[in-house]
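*Asks:* Dumping the structure here so I can ask a few things about it.
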Amino acid sequence: MSIRPLSILPLAVCFAMTATAAPPASTTSVSSSARFESADVFALETAGDARISPDGRRIVYVRQRYDVMSDKPVANLWTIDVDSGAHRPLRSDGDSHRSPRWSPDGTRLAYVSSSDGKPQLFVRWIASGETARVTDLVEAPGDITWSPDGASLAFTSFVPSEPSTLAAPPPKPEGAEWAAPVTVVDRAVFRMDGEGTLRAGNTHVFIVPAEGGAPRALTSGAFDHGGPLAFSPDGRTLYVSANRRDDIEQAPLDSEIHAIDIATGALKTVTRRDGPDSHPAVSPDGRRIAYLGFDDRRVSHQNHRLYVMDADGGNVRDLTGDHDLDFEQPTWSADGKHLYVAYDQRGVRKLGRVSLDGSLDEIASPLGASDVGRPYTGGGFSASRNGRFAFVQASTSRPGDVAVSDARGRVRTLTAINEDLFAHKTLGAVETITWTSSHDGKEIEGWLVTPPGFDPSKRYPLLLEIHGGPHTAYGPVFSVEVQRFAAAGYVVLYANPRGSTSYGEAFANSIHLAYPGFDYDDLMSGVDAVIARGFIDEKNLFVTGGSGGGVLTAWIVGKTDRFRAAVVAKPVINWTSFVLTADMTPYFHRHWFKGFPWESQADYWARSPLSLVGNVKTPTMLLTGEADYRTPMGETEQYFQALRLRGVPTAMVRVPDASHGLTGRPSQFIAKIDNILAWFERYRQPVEP
């Protein structure tokens with residue numbers, strides 16, 4: 001059979017059946033140079049990890065660009081004077097610098113840099129600009145935290161151990177070239193997406209003098225310890241979160257907060273319950289600890305509540321039980337009367353203030369994340385002693401910029417790092433829309449993006465883009481993928497169907513033990529609502545989604561043939577094989593199903609898109625990273641072969657060395673989008689007047 005090549009970057013592509021491509025539908029008079037194109041990805045810059053100084057006068061943030069020659073992101077540190085807006089580089093030398101953290105007195109800045117090869121911890125004296133390398137580590141440092149007196153830095157780092165062995169090989173003759181030794185796996189989580197096969201060892205907590213020296217380990221044992229870390233005001237105790245259960249595979253979420261005596265390394269557990277406890281934050285007077293957690297009910301989504309307890313673990317109070325929200329990043333106010341938090345509400349990330357009586361007030365929104373691939377919610381903040389906050393402010397028309405707010409919510413945007421690019425580009429307009437689901441009348445929220453130069457009197461193809469998770473949320477933020485689709489002439493619909501976060505626990509858990517299911521009706525109702533507006537060509541409907549969105553895309557083409565073509569990205573196709581091969585096997589069967597696959601196989605199969613493959617007629621492309629361990633390549637291969645056996649037009653695009661995110665390297669990200677558009681162009685019909 002003849003194969004018409006796609007116009008793509010060089011990826012490994014397998015074809016089964018093809019169709020003659022239709023010419024691109026005519027779009028508007030917006031010039032091609034004004035449209036957002038693939039190569040523009042290399043011109044993008046992102047802002048992240050904005051850290052305000054203790055006195056609120058300066059902000060240091062991570063400014064990331066994409067190097068077209070190395071095909072990798074490069075992160076530098078920039079500083080902003082809050083009052084004047086003066087903006088200049090702090091470390092911008094071509095190396096990668098990240099994780100800036102102010103000393104308590106604001107005179108120094110700790111950060112991680114790879115300028116000497118492997119990532120190491122550095123300290124910079126702000127007044128003089130002098131910099132000292134503090135560590136000589138074999139493994140990268142993380143979770144950097146200053147001691148209250150500024151004399152020390154605590155951090156986490158991986159500590160390798162000897163791998164498991166069974167039989168010892170016989171002596172190898174000198175000069176002999178034998179095969180690599182076998183690998184013995186004796187734990188369920190033996191590989192992780194983005195990391196590959198996990199080495200033997202664990203993450204531990206260390207402390208090092210801020211002027212350099214030998215780091216001292218504060219934890220030990222076959223347990224992983226994570227941040228953020230929190231010192232007591234007197235500097236004698238460090239709080240950390242860890243799951244130190246011997247049966248961690250049977251209780252993967254059961255972490256506790258532990259207090260470490262800095263002098264002796266003695267560890268005391270201060271929380272005890274079945275569920276995760278994390279993100280300790282110590283009050284300014286040291287008497288109380290705020291933290292996040294929940295009682296694990298074995299459901300697929302559970303809000304992280306905000307708790308306060310005495311420093312010894314007594315008198316636990318749930319401050320946010322009256323708020324159906326998922327809280328992040330608890331941070332004490334300087335006077336200890338409030339806590340600042342981040343949370344999502346109806347697809348928007350917000351900064352809020354929680355009083356000790358549990359009342360919640362919004363301070364600023366929308367916050368944004370530094371990831372600009374798809375329009376997910378995200379982003380954090382930092383607070384100064386005088387009530388100023390630094391964060392990345394989200395926008396639908398620009399990647400986020402650094403902003404500052406006071407406690408009354410008066411926000412100023414301090415940067416415009418992408419204006420040199422977007423001042424000369426015409427982007428798709430983004431509109432918030434709602435509709436009711438045909439299943440039960442539940443209100444569903446989404447966003448409609450129209451092509452540059454949109455004319456409502458004309459008709460356009462519609463592209464439905466579905467988020468992953470499934471317990472995540474899209475929102476009104478800039479997205480490279482969405483804007484590229486719009487630039488290609490598509491009206492784009494993205495939405496938060498049931499199961500999405502930021503609409504309350506009941507909405508998120510309405511798909512518990514029922515995913516995929518009625519979320520299909522939510523999405524189809526959204527498509528119908530957009531068609532009813534009169535500017536959609538119903539013969540040109542397209543659908544795509546990644547991860548959880550890949551699950552739903554495969555489910556959709558098994559339920560309806562109304563779409564001209566589909567792209568199923570990094571999906572789960574067969575829940576049995578997924579649960580037994582994904583990187584977090586101990587979690588999925590415990591929280592997403594009634595039991596093990598062999599105990600409830602009918603349920604696993606009924607919710608698997610593979611069970612509907614006999615209905616599929618829609619030309620369907622699959623796209624997955626070959627190093628994806630979250631939704632392993634075997635899921636994609638199953639569906640590809642099933643479609644091929646049935647004679648359905650299909651293609652499998654394999655992204656070499658890419659993990660689940662598919663955005664590790666800019667060229668891979670570009671290739672993902674371009675392959676999706678190329679597949680849709682094959683089946684896109686001339687738009688009917």
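Quick note on naming: the chains in the structure tokens go A, B, ... in the order shown, residues restart at 1 in each chain, and ligands are numbered from 1 in order of appearance.
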Please identify the strand (DSSP E or B) residues within region 80-141 of chain A (assignment by DSSP from backbone atoms) and present them as an mmCIF file with all heavy atoms, in the first residue's frame.
*Replies:*
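Dumped everything to part-v2.cif:
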```cif
data_model
loop_
_atom_site.group_PDB
_atom_site.id
_atom_site.type_symbol
_atom_site.label_atom_id
_atom_site.label_comp_id
_atom_site.auth_asym_id
_atom_site.auth_seq_id
_atom_site.Cartn_x
_atom_site.Cartn_y
_atom_site.Cartn_z
ATOM 1 N N ILE A 80 14.693 41.369 40.594
ATOM 2 C CA ILE A 80 13.835 42.531 40.351
ATOM 3 C C ILE A 80 13.786 43.372 41.616
ATOM 4 O O ILE A 80 13.561 42.838 42.713
ATOM 5 C CB ILE A 80 12.398 42.105 39.982
ATOM 6 C CG1 ILE A 80 12.389 41.112 38.821
ATOM 7 C CG2 ILE A 80 11.538 43.325 39.642
ATOM 8 C CD1 ILE A 80 11.031 40.458 38.603
ATOM 9 N N ASP A 81 13.979 44.683 41.467
ATOM 10 C CA ASP A 81 13.716 45.607 42.558
ATOM 11 C C ASP A 81 12.218 45.890 42.574
ATOM 12 O O ASP A 81 11.665 46.403 41.599
ATOM 13 C CB ASP A 81 14.504 46.899 42.355
ATOM 14 C CG ASP A 81 14.312 47.867 43.512
ATOM 15 O OD1 ASP A 81 13.298 48.602 43.488
ATOM 16 O OD2 ASP A 81 15.150 47.882 44.418
ATOM 17 N N HIS A 87 15.281 45.434 36.619
ATOM 18 C CA HIS A 87 15.266 44.010 36.295
ATOM 19 C C HIS A 87 16.599 43.657 35.657
ATOM 20 O O HIS A 87 16.975 44.246 34.642
ATOM 21 C CB HIS A 87 14.107 43.769 35.314
ATOM 22 C CG HIS A 87 13.841 42.336 35.008
ATOM 23 N ND1 HIS A 87 13.248 41.925 33.834
ATOM 24 C CD2 HIS A 87 14.065 41.203 35.708
ATOM 25 C CE1 HIS A 87 13.112 40.620 33.824
ATOM 26 N NE2 HIS A 87 13.602 40.158 34.956
ATOM 27 N N ARG A 88 17.335 42.728 36.256
ATOM 28 C CA ARG A 88 18.638 42.393 35.685
ATOM 29 C C ARG A 88 19.001 40.947 36.022
ATOM 30 O O ARG A 88 18.474 40.362 36.968
ATOM 31 C CB ARG A 88 19.716 43.340 36.217
ATOM 32 C CG ARG A 88 19.934 43.274 37.718
ATOM 33 C CD ARG A 88 20.978 44.271 38.177
ATOM 34 N NE ARG A 88 21.193 44.247 39.610
ATOM 35 C CZ ARG A 88 22.000 43.398 40.240
ATOM 36 N NH1 ARG A 88 22.643 42.480 39.545
ATOM 37 N NH2 ARG A 88 22.154 43.456 41.560
ATOM 38 N N PRO A 89 19.948 40.380 35.257
ATOM 39 C CA PRO A 89 20.354 38.998 35.536
ATOM 40 C C PRO A 89 21.233 38.906 36.771
ATOM 41 O O PRO A 89 22.053 39.799 37.035
ATOM 42 C CB PRO A 89 21.132 38.612 34.272
ATOM 43 C CG PRO A 89 21.617 39.903 33.707
ATOM 44 C CD PRO A 89 20.570 40.918 34.049
ATOM 45 N N LEU A 90 21.058 37.826 37.515
ATOM 46 C CA LEU A 90 21.905 37.551 38.672
ATOM 47 C C LEU A 90 22.919 36.466 38.316
ATOM 48 O O LEU A 90 24.092 36.575 38.626
ATOM 49 C CB LEU A 90 21.048 37.117 39.856
ATOM 50 C CG LEU A 90 21.732 37.054 41.213
ATOM 51 C CD1 LEU A 90 22.071 38.456 41.702
ATOM 52 C CD2 LEU A 90 20.805 36.374 42.232
ATOM 53 N N ARG A 91 22.452 35.384 37.687
ATOM 54 C CA ARG A 91 23.318 34.361 37.103
ATOM 55 C C ARG A 91 22.742 34.037 35.741
ATOM 56 O O ARG A 91 21.695 33.419 35.619
ATOM 57 C CB ARG A 91 23.362 33.096 37.974
ATOM 58 C CG ARG A 91 24.084 33.219 39.268
ATOM 59 C CD ARG A 91 25.575 33.528 39.126
ATOM 60 N NE ARG A 91 26.299 32.614 38.266
ATOM 61 C CZ ARG A 91 26.970 31.548 38.703
ATOM 62 N NH1 ARG A 91 26.971 31.250 39.987
ATOM 63 N NH2 ARG A 91 27.656 30.792 37.867
ATOM 64 N N HIS A 97 20.897 27.295 36.590
ATOM 65 C CA HIS A 97 20.815 27.704 37.995
ATOM 66 C C HIS A 97 19.350 27.664 38.421
ATOM 67 O O HIS A 97 18.478 28.106 37.677
ATOM 68 C CB HIS A 97 21.373 29.110 38.184
ATOM 69 C CG HIS A 97 22.692 29.334 37.496
ATOM 70 N ND1 HIS A 97 23.868 28.794 37.942
ATOM 71 C CD2 HIS A 97 22.997 30.032 36.369
ATOM 72 C CE1 HIS A 97 24.855 29.153 37.140
ATOM 73 N NE2 HIS A 97 24.352 29.903 36.176
ATOM 74 N N ARG A 98 19.065 27.173 39.611
ATOM 75 C CA ARG A 98 17.677 27.016 40.037
ATOM 76 C C ARG A 98 17.585 27.057 41.562
ATOM 77 O O ARG A 98 18.588 27.161 42.256
ATOM 78 C CB ARG A 98 17.095 25.694 39.507
ATOM 79 C CG ARG A 98 17.859 24.463 39.963
ATOM 80 C CD ARG A 98 17.252 23.182 39.423
ATOM 81 N NE ARG A 98 18.037 22.007 39.781
ATOM 82 C CZ ARG A 98 17.968 21.359 40.933
ATOM 83 N NH1 ARG A 98 17.104 21.782 41.861
ATOM 84 N NH2 ARG A 98 18.707 20.297 41.185
ATOM 85 N N SER A 99 16.355 26.966 42.050
ATOM 86 C CA SER A 99 16.044 26.861 43.483
ATOM 87 C C SER A 99 16.642 27.973 44.324
ATOM 88 O O SER A 99 17.326 27.724 45.323
ATOM 89 C CB SER A 99 16.495 25.499 44.041
ATOM 90 O OG SER A 99 15.916 24.433 43.336
ATOM 91 N N PRO A 100 16.409 29.246 43.985
ATOM 92 C CA PRO A 100 16.931 30.338 44.824
ATOM 93 C C PRO A 100 16.208 30.392 46.165
ATOM 94 O O PRO A 100 14.991 30.270 46.235
ATOM 95 C CB PRO A 100 16.643 31.585 43.994
ATOM 96 C CG PRO A 100 15.449 31.218 43.168
ATOM 97 C CD PRO A 100 15.603 29.754 42.861
ATOM 98 N N ARG A 101 16.981 30.600 47.242
ATOM 99 C CA ARG A 101 16.401 30.701 48.582
ATOM 100 C C ARG A 101 17.146 31.777 49.369
ATOM 101 O O ARG A 101 18.356 31.698 49.551
ATOM 102 C CB ARG A 101 16.480 29.355 49.332
ATOM 103 C CG ARG A 101 15.740 28.207 48.673
ATOM 104 C CD ARG A 101 14.235 28.418 48.653
ATOM 105 N NE ARG A 101 13.520 27.276 48.101
ATOM 106 C CZ ARG A 101 13.167 27.148 46.815
ATOM 107 N NH1 ARG A 101 13.494 28.104 45.948
ATOM 108 N NH2 ARG A 101 12.507 26.094 46.400
ATOM 109 N N TRP A 102 16.389 32.784 49.855
ATOM 110 C CA TRP A 102 16.974 33.884 50.619
ATOM 111 C C TRP A 102 17.373 33.424 52.015
ATOM 112 O O TRP A 102 16.670 32.632 52.652
ATOM 113 C CB TRP A 102 15.977 35.024 50.763
ATOM 114 C CG TRP A 102 15.681 35.769 49.494
ATOM 115 C CD1 TRP A 102 14.629 35.592 48.661
ATOM 116 C CD2 TRP A 102 16.461 36.831 48.931
ATOM 117 N NE1 TRP A 102 14.682 36.464 47.600
ATOM 118 C CE2 TRP A 102 15.802 37.245 47.748
ATOM 119 C CE3 TRP A 102 17.638 37.478 49.311
ATOM 120 C CZ2 TRP A 102 16.287 38.270 46.941
ATOM 121 C CZ3 TRP A 102 18.125 38.502 48.513
ATOM 122 C CH2 TRP A 102 17.455 38.888 47.341
ATOM 123 N N ARG A 108 22.086 37.055 51.818
ATOM 124 C CA ARG A 108 22.668 36.005 50.976
ATOM 125 C C ARG A 108 21.566 35.239 50.253
ATOM 126 O O ARG A 108 20.391 35.269 50.639
ATOM 127 C CB ARG A 108 23.482 35.035 51.833
ATOM 128 C CG ARG A 108 24.762 35.609 52.404
ATOM 129 C CD ARG A 108 25.309 34.713 53.498
ATOM 130 N NE ARG A 108 24.435 34.698 54.676
ATOM 131 C CZ ARG A 108 24.531 33.834 55.677
ATOM 132 N NH1 ARG A 108 25.466 32.896 55.654
ATOM 133 N NH2 ARG A 108 23.705 33.895 56.694
ATOM 134 N N LEU A 109 21.972 34.546 49.210
ATOM 135 C CA LEU A 109 21.044 33.740 48.421
ATOM 136 C C LEU A 109 21.684 32.382 48.180
ATOM 137 O O LEU A 109 22.799 32.289 47.645
ATOM 138 C CB LEU A 109 20.741 34.413 47.087
ATOM 139 C CG LEU A 109 19.616 33.785 46.265
ATOM 140 C CD1 LEU A 109 18.258 34.203 46.837
ATOM 141 C CD2 LEU A 109 19.721 34.206 44.800
ATOM 142 N N ALA A 110 20.996 31.325 48.596
ATOM 143 C CA ALA A 110 21.436 29.964 48.281
ATOM 144 C C ALA A 110 20.727 29.513 47.012
ATOM 145 O O ALA A 110 19.574 29.879 46.770
ATOM 146 C CB ALA A 110 21.115 29.015 49.437
ATOM 147 N N TYR A 111 21.418 28.725 46.208
ATOM 148 C CA TYR A 111 20.803 28.204 44.988
ATOM 149 C C TYR A 111 21.587 26.982 44.527
ATOM 150 O O TYR A 111 22.692 26.698 45.013
ATOM 151 C CB TYR A 111 20.755 29.271 43.891
ATOM 152 C CG TYR A 111 22.099 29.800 43.445
ATOM 153 C CD1 TYR A 111 22.753 29.268 42.340
ATOM 154 C CD2 TYR A 111 22.717 30.839 44.148
ATOM 155 C CE1 TYR A 111 23.987 29.760 41.938
ATOM 156 C CE2 TYR A 111 23.948 31.336 43.749
ATOM 157 C CZ TYR A 111 24.585 30.790 42.636
ATOM 158 O OH TYR A 111 25.812 31.270 42.246
ATOM 159 N N VAL A 112 21.003 26.260 43.589
ATOM 160 C CA VAL A 112 21.644 25.085 43.013
ATOM 161 C C VAL A 112 22.127 25.445 41.621
ATOM 162 O O VAL A 112 21.388 26.038 40.828
ATOM 163 C CB VAL A 112 20.678 23.884 42.956
ATOM 164 C CG1 VAL A 112 21.334 22.698 42.259
ATOM 165 C CG2 VAL A 112 20.232 23.495 44.360
ATOM 166 N N SER A 113 23.369 25.089 41.315
ATOM 167 C CA SER A 113 23.950 25.401 40.013
ATOM 168 C C SER A 113 24.709 24.195 39.484
ATOM 169 O O SER A 113 25.330 23.445 40.251
ATOM 170 C CB SER A 113 24.898 26.599 40.123
ATOM 171 O OG SER A 113 25.575 26.814 38.901
ATOM 172 N N GLN A 120 25.361 21.500 42.367
ATOM 173 C CA GLN A 120 25.907 21.728 43.696
ATOM 174 C C GLN A 120 25.205 22.918 44.330
ATOM 175 O O GLN A 120 24.560 23.724 43.649
ATOM 176 C CB GLN A 120 27.413 21.995 43.637
ATOM 177 C CG GLN A 120 28.230 20.883 43.035
ATOM 178 C CD GLN A 120 28.257 19.611 43.867
ATOM 179 O OE1 GLN A 120 28.005 19.651 45.082
ATOM 180 N NE2 GLN A 120 28.565 18.480 43.247
ATOM 181 N N LEU A 121 25.357 23.033 45.629
ATOM 182 C CA LEU A 121 24.760 24.118 46.390
ATOM 183 C C LEU A 121 25.751 25.283 46.483
ATOM 184 O O LEU A 121 26.913 25.101 46.868
ATOM 185 C CB LEU A 121 24.385 23.609 47.781
ATOM 186 C CG LEU A 121 23.623 24.534 48.720
ATOM 187 C CD1 LEU A 121 22.322 25.005 48.083
ATOM 188 C CD2 LEU A 121 23.325 23.798 50.032
ATOM 189 N N PHE A 122 25.284 26.483 46.114
ATOM 190 C CA PHE A 122 26.100 27.691 46.157
ATOM 191 C C PHE A 122 25.418 28.731 47.046
ATOM 192 O O PHE A 122 24.196 28.704 47.223
ATOM 193 C CB PHE A 122 26.267 28.284 44.757
ATOM 194 C CG PHE A 122 27.191 27.503 43.858
ATOM 195 C CD1 PHE A 122 26.795 26.292 43.294
ATOM 196 C CD2 PHE A 122 28.459 27.985 43.565
ATOM 197 C CE1 PHE A 122 27.643 25.572 42.464
ATOM 198 C CE2 PHE A 122 29.319 27.278 42.735
ATOM 199 C CZ PHE A 122 28.913 26.068 42.182
ATOM 200 N N VAL A 123 26.212 29.663 47.556
ATOM 201 C CA VAL A 123 25.699 30.811 48.292
ATOM 202 C C VAL A 123 26.309 32.071 47.690
ATOM 203 O O VAL A 123 27.527 32.145 47.462
ATOM 204 C CB VAL A 123 26.018 30.726 49.798
ATOM 205 C CG1 VAL A 123 25.711 32.050 50.492
ATOM 206 C CG2 VAL A 123 25.213 29.603 50.450
ATOM 207 N N ARG A 124 25.449 33.071 47.466
ATOM 208 C CA ARG A 124 25.891 34.351 46.915
ATOM 209 C C ARG A 124 25.633 35.455 47.934
ATOM 210 O O ARG A 124 24.531 35.549 48.491
ATOM 211 C CB ARG A 124 25.135 34.650 45.620
ATOM 212 C CG ARG A 124 25.529 35.969 44.937
ATOM 213 C CD ARG A 124 24.632 36.221 43.746
ATOM 214 N NE ARG A 124 24.974 37.443 43.033
ATOM 215 C CZ ARG A 124 25.735 37.503 41.960
ATOM 216 N NH1 ARG A 124 26.247 36.387 41.457
ATOM 217 N NH2 ARG A 124 25.993 38.662 41.373
ATOM 218 N N TRP A 125 26.649 36.304 48.187
ATOM 219 C CA TRP A 125 26.492 37.479 49.027
ATOM 220 C C TRP A 125 25.946 38.598 48.135
ATOM 221 O O TRP A 125 26.601 39.017 47.156
ATOM 222 C CB TRP A 125 27.819 37.870 49.640
ATOM 223 C CG TRP A 125 28.159 37.054 50.854
ATOM 224 C CD1 TRP A 125 28.071 37.442 52.152
ATOM 225 C CD2 TRP A 125 28.638 35.697 50.884
ATOM 226 N NE1 TRP A 125 28.451 36.419 52.999
ATOM 227 C CE2 TRP A 125 28.803 35.327 52.246
ATOM 228 C CE3 TRP A 125 28.925 34.743 49.905
ATOM 229 C CZ2 TRP A 125 29.253 34.074 52.640
ATOM 230 C CZ3 TRP A 125 29.369 33.487 50.292
ATOM 231 C CH2 TRP A 125 29.525 33.168 51.650
ATOM 232 N N THR A 131 30.478 34.724 45.361
ATOM 233 C CA THR A 131 29.772 33.451 45.400
ATOM 234 C C THR A 131 30.701 32.361 45.903
ATOM 235 O O THR A 131 31.882 32.324 45.536
ATOM 236 C CB THR A 131 29.255 33.073 44.002
ATOM 237 O OG1 THR A 131 28.360 34.086 43.545
ATOM 238 C CG2 THR A 131 28.515 31.755 44.035
ATOM 239 N N ALA A 132 30.173 31.488 46.747
ATOM 240 C CA ALA A 132 30.946 30.363 47.271
ATOM 241 C C ALA A 132 30.206 29.064 46.993
ATOM 242 O O ALA A 132 28.986 28.983 47.161
ATOM 243 C CB ALA A 132 31.171 30.523 48.772
ATOM 244 N N ARG A 133 30.966 28.088 46.563
ATOM 245 C CA ARG A 133 30.401 26.743 46.416
ATOM 246 C C ARG A 133 30.420 26.072 47.780
ATOM 247 O O ARG A 133 31.466 25.988 48.439
ATOM 248 C CB ARG A 133 31.222 25.941 45.407
ATOM 249 C CG ARG A 133 30.790 24.502 45.273
ATOM 250 C CD ARG A 133 31.501 23.832 44.120
ATOM 251 N NE ARG A 133 31.485 22.383 44.241
ATOM 252 C CZ ARG A 133 31.907 21.545 43.301
ATOM 253 N NH1 ARG A 133 32.380 22.040 42.161
ATOM 254 N NH2 ARG A 133 31.875 20.255 43.489
#
```
*Asks:* With a distance cut-off of 10 Å and only C-alpha atoms, select the neighbouring residues of Phe158 (chain A), excluding the residue or stretch itself and same-chain residues fewer than 4 positions from it, and output the selection as a PyMOL selection string.
*Replies:* chain A and resi 137-142+199-205+224-225
*Asks:* Using only C-alpha atoms, which protein or nucleic acid residues come within 7 Å of region 393-395 of chain A? Drop anything in the same chain fewer than 5 positions from it, and give the result as a ChimeraX atom specification.
*Replies:* /A:366-368,400-403,476-478
*Asks:* Between A:Gly226, A:Gly235, A:Pro215, A:Gly453, which has the minimum distance to Ala151 (chain A) (counting only C-alpha atoms)?
*Replies:*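 Closest to Ala151 (chain A) of all the choices is A:Gly235.
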*Asks:* Determine, for each residue of region 603-623 of chain A having at least one atom at most 10 Å from an atom of region 506-528 of chain A, the closest pair of atoms and their separation in Å to one decimal, counting only C-alpha atoms; order by chain and ascending number, as a Markdown table.
*Replies:*
```
| residue | atom | partner | partner_atom | distance |
| --- | --- | --- | --- | --- |
| A:Asp603 | CA | A:Leu513 | CA | 8.6 |
| A:Tyr604 | CA | A:Leu513 | CA | 9.6 |
| A:Ala606 | CA | A:Pro516 | CA | 9.5 |
| A:Arg607 | CA | A:Pro516 | CA | 6.2 |
| A:Ser608 | CA | A:Pro516 | CA | 8.1 |
| A:Pro609 | CA | A:Pro516 | CA | 8.5 |
```
*Asks:* Show which residues sit within 6 Å of Gly286 (chain A), as an MDAnalysis selection string. Count only C-alpha atoms, and ignore same-chain residues fewer than 4 positions away.
*Replies:* chainID A and resid 232:233 282
*Asks:* Go ahead and write the residues just picked, N, CA, C and O atoms, as a PDB file, in the first residue's frame.
*Replies:*
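After the write, part-v3.pdb holds the following:
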```pdb
ATOM      1  N   SER A 232      12.652  24.643  63.488  1.00  0.00           N
ATOM      2  CA  SER A 232      12.061  25.359  64.622  1.00  0.00           C
ATOM      3  C   SER A 232      12.783  26.697  64.755  1.00  0.00           C
ATOM      4  O   SER A 232      13.927  26.849  64.318  1.00  0.00           O
ATOM      5  N   PRO A 233      12.152  27.719  65.352  1.00  0.00           N
ATOM      6  CA  PRO A 233      12.796  29.040  65.454  1.00  0.00           C
ATOM      7  C   PRO A 233      14.133  29.029  66.183  1.00  0.00           C
ATOM      8  O   PRO A 233      14.997  29.861  65.892  1.00  0.00           O
ATOM      9  N   VAL A 282       6.433  25.737  60.580  1.00  0.00           N
ATOM     10  CA  VAL A 282       6.491  26.046  62.004  1.00  0.00           C
ATOM     11  C   VAL A 282       6.123  27.507  62.225  1.00  0.00           C
ATOM     12  O   VAL A 282       6.606  28.399  61.520  1.00  0.00           O
TER      13      VAL A 282
END
```
*Asks:* Let's see if you can do this: from backbone DSSP, list all helix (DSSP H, G or I) residues in region 439-488 of chain A, as a ChimeraX atom specification.
*Replies:* /A:480-487
